[in-house]
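Participant: To start, I am sharing the structure in question, which I have written as C-alpha cells.
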Number of protein chains: 2
Amino acid sequence: MSRHFEQSLQELKSKLIKMGSLAEESINRSIQAVLNKDYELAKTIIEEDKRINEMEIDIDQAIIDVLALQQPVASDLRLILAASKINNDLERIGDHGVNLAESALALRDKDLLESSLEDVKRMCQLTKRMVGDALDGFIHGDANLGEAVLLMDDSVDNLNRKITKDLMEIMKSQPANIEQSLEMIRVSRNLERVADLATNIAEEVVFIAKARIVKHHSADDLATKQTET
Amino acid sequence: MSRHFEQSLQELKSKLIKMGSLAEESINRSIQAVLNKDYELAKTIIEEDKRINEMEIDIDQAIIDVLALQQPVASDLRLILAASKINNDLERIGDHGVNLAESALALRDKDLLESSLEDVKRMCQLTKRMVGDALDGFIHGDANLGEAVLLMDDSVDNLNRKITKDLMEIMKSQPANIEQSLEMIRVSRNLERVADLATNIAEEVVFIAKARIVKHHSADDLATKQTET
C-alpha cells in the first residue's frame, strides 16, 4: 500500500469517525430530550441534523476521490465500500435522532406513561450502547465488539414488541392517554430502527475484520455458531 | 471505456434491474395482500424476501469485482457507487414489503377501517408509482422521471400525516378498533418509508444523469428551481 493511499484512507476513516460522533451524539441527546422533556435540546438536535447531512455528501466525495486517484486492490475496496455503507447508515441514524427529537416536542406537555417508562429507558440504554459499540468496533477494527452488537439486537426487538403491546393495552383501558401512547410507540419504533442501523454497521465491522458475510444471518445463527466452535 | 468494462457495467446494471423488479413486486404484492386480506400471498412474500437478500450480497460482490478488475475513472465510479446505494435501498424496500405482509397477516380477521381506506389506497397507488418510476428512471437514465418521483414524496408524507391523525381520532372514539387502527398506521408508515427509499433511488438517478447533488434538497426547492428556469 502506497503512503499516499494509506494517508487518504486514514483521512476517510477520520471523517467517518467524526460523522459517527455526530450521529451518536444526536441519538444520545434526543433520548435525553424525550426523557427530560427538554424542548430546547430537541430544537437544537433538529437544527444540527444538517451538519450530518453535509458530512454524508462530503464523505461520499472523499470515497470517490480515493477510488479514482488510488485504484485500490480488492481488500481495500471492501473497506471503502463498507465505509460508504456506514456513511449512509450514520446519516439515517441522524434522521431517527430528528424523529426522536420531534417526539420529545410532541410529548413535552404530556405525562410520560409510567408503566412503560422503565422498558423504554432500558431500550434507550441498549440502543445507545449498540451505537457506541458499533462505532468503537469500527474505530478499533474489533470484530468482537461488532458481534456483541449483533447479539443485543434481539433484546431491543423484544423490548419494542413488549412496549408496543403494553401501550396498546393502555390505549384500550385509558382512551385519554391514546396520543401519548402512540407517541411512545413511535419513540420505541425509532429506537428499534436505530438499533437496526447499529446492527448494519456492526455487520460491516465484522465483515471488514473477518472478511465474511454475516448479513442476513440472525443473531440466533451467530449464537449457535459460537457455541459450535 | 474498454469493451470488457462496458460489459461488466451492463451485467451489473442487469442484476440491479432484476433486483429492482423483485423489490417492486414485493411492494405491489404486499399492498395487494393488505387490501385483499390475502393470507397466502402474504406468507409467500415473507418467504421470498430471502431472494432479495441474496441478490444484495451478489450485487455487492459484482461491484467489488468491477472496481477491482477495471479501475474505472471518476464518472464511472459515481455510477458504480450509486449502484451500491440503490442496491441497499432495494433491499430495504424488500424489508418493508415483509413488514406490510406481516400487517396483512395481522389484519386478515379484522375490518379494514372504511374511513381511512380511500386515503390508504391513494397512498398505495402513489408509492407503487414512485418505486416504478424511480426504477424506470434508473433503467433509462431519465432524470425527468427521477425528478417527478421527488415531487411526489410530499404528497405521500401529507397522506401519512392525515391517515395517522384520522386513525388516532378513531382510536379515541371507538376503542374497540384500536388494534386495527394501529396496524393501519403501521401500514401507512411502511408505505411512507418505501416512498422515502424510492426518493433515495430517484436522487441517485438524477445524480447520475445530471452529476449534481439533489440530496437533502426539498421537493419545494426543486419546484422553485423549475419555476425559476
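Each chain of the C-alpha cells is named A, B, ... in the order shown, its residues numbered from 1; ligands are numbered from 1 in display order.
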Dump as a PyMOL selection string the residues of chain A that approach chain B to within 10 Å, counting only C-alpha atoms.
Facilitator: chain A and resi 50+53-54+56-57+60-61+63-78+80-81+84-85+88+164-165+168-169+171-179+182+185+213+215-216
Participant: Excluding segment 32-40 of chain A and any residue of its chain fewer than 2 positions from it, enumerate the residues within 6 Å of it, using only C-alpha atoms, and give them as number ranges by chain.
Facilitator: A: 29-30, 42-43, 104-105, 108
Participant: Export N, CA and C atoms of the chosen residues as a short mmCIF file (atom, residue, chain, number, x, y, z; two decimals), in the first residue's frame?
Facilitator:
```
data_model
loop_
_atom_site.label_atom_id
_atom_site.label_comp_id
_atom_site.auth_asym_id
_atom_site.auth_seq_id
_atom_site.Cartn_x
_atom_site.Cartn_y
_atom_site.Cartn_z
N ARG A 29 -28.53 12.63 22.74
CA ARG A 29 -29.20 13.85 23.16
C ARG A 29 -30.71 13.77 22.92
N SER A 30 -31.12 13.09 21.84
CA SER A 30 -32.57 13.03 21.58
C SER A 30 -33.25 12.14 22.61
N ALA A 42 -34.27 19.49 22.09
CA ALA A 42 -34.93 18.87 20.93
C ALA A 42 -34.81 19.77 19.70
N LYS A 43 -35.03 21.08 19.90
CA LYS A 43 -34.93 22.00 18.76
C LYS A 43 -33.50 22.05 18.22
N ALA A 104 -40.03 14.21 21.29
CA ALA A 104 -39.80 14.97 22.54
C ALA A 104 -40.64 16.24 22.53
N LEU A 105 -40.71 16.93 21.38
CA LEU A 105 -41.54 18.14 21.29
C LEU A 105 -43.01 17.80 21.49
N ARG A 108 -43.85 17.04 25.24
CA ARG A 108 -43.35 17.93 26.29
C ARG A 108 -44.41 18.37 27.31
#
```
Participant: Need to verify the contact set: Ser21 of chain A, 12 Å, only C-alpha atoms, exclusion of same-chain residues closer than 2 positions in sequence. Can you return it as number ranges by chain?
Facilitator: A: 14-19, 23-29, 51-52, 55, 87, 90-91, 93-94, 128, 131-136, 139
Participant: Generate the output file for the selected residues, N, CA, C and O atoms, as a compact mmCIF listing (two decimals), in the first residue's frame.
Facilitator:
```txt
# COMPACT_ATOMS: atom_id res chain seq x y z
N SER A 14 -11.01 9.08 9.49
CA SER A 14 -11.20 10.18 10.44
C SER A 14 -12.53 10.88 10.23
O SER A 14 -13.24 11.20 11.18
N LYS A 15 -12.85 11.14 8.97
CA LYS A 15 -14.12 11.80 8.67
C LYS A 15 -15.30 10.97 9.14
O LYS A 15 -16.27 11.47 9.69
N LEU A 16 -15.19 9.65 8.89
CA LEU A 16 -16.27 8.75 9.27
C LEU A 16 -16.41 8.68 10.79
O LEU A 16 -17.53 8.60 11.32
N ILE A 17 -15.29 8.72 11.50
CA ILE A 17 -15.33 8.70 12.97
C ILE A 17 -16.00 9.98 13.48
O ILE A 17 -16.83 9.93 14.39
N LYS A 18 -15.67 11.09 12.84
CA LYS A 18 -16.30 12.36 13.24
C LYS A 18 -17.81 12.31 12.99
O LYS A 18 -18.61 12.71 13.83
N MET A 19 -18.18 11.79 11.82
CA MET A 19 -19.61 11.66 11.50
C MET A 19 -20.29 10.72 12.49
O MET A 19 -21.41 10.96 12.93
N ALA A 23 -23.56 11.45 14.88
CA ALA A 23 -24.77 10.62 14.87
C ALA A 23 -25.04 10.07 16.27
O ALA A 23 -26.18 10.06 16.75
N GLU A 24 -23.98 9.61 16.94
CA GLU A 24 -24.12 9.07 18.29
C GLU A 24 -24.64 10.16 19.24
O GLU A 24 -25.54 9.93 20.05
N GLU A 25 -24.06 11.35 19.10
CA GLU A 25 -24.49 12.49 19.93
C GLU A 25 -25.96 12.82 19.69
O GLU A 25 -26.70 13.09 20.64
N SER A 26 -26.38 12.77 18.41
CA SER A 26 -27.77 13.08 18.08
C SER A 26 -28.71 12.11 18.79
O SER A 26 -29.72 12.52 19.37
N ILE A 27 -28.36 10.82 18.77
CA ILE A 27 -29.22 9.82 19.43
C ILE A 27 -29.19 10.00 20.95
O ILE A 27 -30.24 10.04 21.60
N ASN A 28 -27.99 10.15 21.52
CA ASN A 28 -27.90 10.28 22.98
C ASN A 28 -28.66 11.51 23.47
O ASN A 28 -29.38 11.45 24.48
N ARG A 29 -28.53 12.63 22.74
CA ARG A 29 -29.20 13.85 23.16
C ARG A 29 -30.71 13.77 22.92
O ARG A 29 -31.49 14.31 23.68
N ARG A 51 -25.77 19.32 9.65
CA ARG A 51 -24.31 19.05 9.67
C ARG A 51 -24.04 17.59 9.29
O ARG A 51 -23.09 17.29 8.57
N ILE A 52 -24.87 16.69 9.81
CA ILE A 52 -24.71 15.26 9.49
C ILE A 52 -24.97 15.04 8.00
O ILE A 52 -24.23 14.32 7.32
N MET A 55 -22.03 16.23 6.03
CA MET A 55 -20.89 15.31 6.16
C MET A 55 -21.06 14.08 5.27
O MET A 55 -20.10 13.56 4.72
N ASN A 87 -21.40 5.22 6.18
CA ASN A 87 -21.73 6.63 5.98
C ASN A 87 -23.25 6.81 5.85
O ASN A 87 -23.86 7.64 6.52
N LEU A 90 -25.10 6.03 9.11
CA LEU A 90 -24.96 7.10 10.10
C LEU A 90 -25.92 8.26 9.78
O LEU A 90 -26.53 8.84 10.68
N GLU A 91 -26.05 8.55 8.49
CA GLU A 91 -26.96 9.63 8.11
C GLU A 91 -28.39 9.27 8.52
O GLU A 91 -29.14 10.11 9.00
N ILE A 93 -29.21 7.25 10.98
CA ILE A 93 -29.29 7.35 12.45
C ILE A 93 -29.60 8.80 12.83
O ILE A 93 -30.45 9.07 13.68
N GLY A 94 -28.93 9.74 12.16
CA GLY A 94 -29.21 11.16 12.40
C GLY A 94 -30.68 11.48 12.15
O GLY A 94 -31.31 12.21 12.93
N LYS A 128 -28.24 2.99 22.83
CA LYS A 128 -27.04 3.83 22.93
C LYS A 128 -25.78 2.97 22.93
O LYS A 128 -24.79 3.28 22.27
N VAL A 131 -25.02 1.56 19.41
CA VAL A 131 -24.43 2.56 18.51
C VAL A 131 -22.97 2.80 18.91
O VAL A 131 -22.06 2.79 18.07
N GLY A 132 -22.73 2.98 20.22
CA GLY A 132 -21.38 3.24 20.71
C GLY A 132 -20.42 2.09 20.40
O GLY A 132 -19.32 2.30 19.89
N ASP A 133 -20.88 0.86 20.68
CA ASP A 133 -20.02 -0.32 20.44
C ASP A 133 -19.76 -0.53 18.96
O ASP A 133 -18.65 -0.93 18.57
N ALA A 134 -20.77 -0.31 18.12
CA ALA A 134 -20.57 -0.49 16.68
C ALA A 134 -19.51 0.49 16.19
O ALA A 134 -18.62 0.12 15.41
N LEU A 135 -19.57 1.73 16.67
CA LEU A 135 -18.59 2.73 16.25
C LEU A 135 -17.20 2.42 16.81
O LEU A 135 -16.20 2.52 16.09
N ASP A 136 -17.14 2.01 18.08
CA ASP A 136 -15.84 1.61 18.66
C ASP A 136 -15.26 0.42 17.90
O ASP A 136 -14.05 0.37 17.65
N ILE A 139 -13.79 1.81 14.77
CA ILE A 139 -12.56 2.57 15.02
C ILE A 139 -11.38 1.65 15.29
O ILE A 139 -10.29 1.83 14.77
```
Participant: Using only C-alpha atoms, which protein or nucleic acid residues come within 9 Å of Ile46 of chain B? Drop anything in the same chain fewer than 6 positions from it, and give the result as an NGL selection string.
Facilitator: :B and (26 or 95 or 97-99 or 101-102)
Participant: What does the distance from atom CA of Ser116 of chain B to atom CA of Leu167 of chain B come to in Å, to one decimal?
Facilitator: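 Going from atom CA of Ser116 of chain B over to atom CA of Leu167 of chain B, I get 7.2 Å.
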Participant: Which value, in Å to one decimal, gives the distance between atom CA of Leu100 of chain B and atom CA of Ile59 of chain B?
Facilitator: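 Distance between the two atoms: 24.9 Å.
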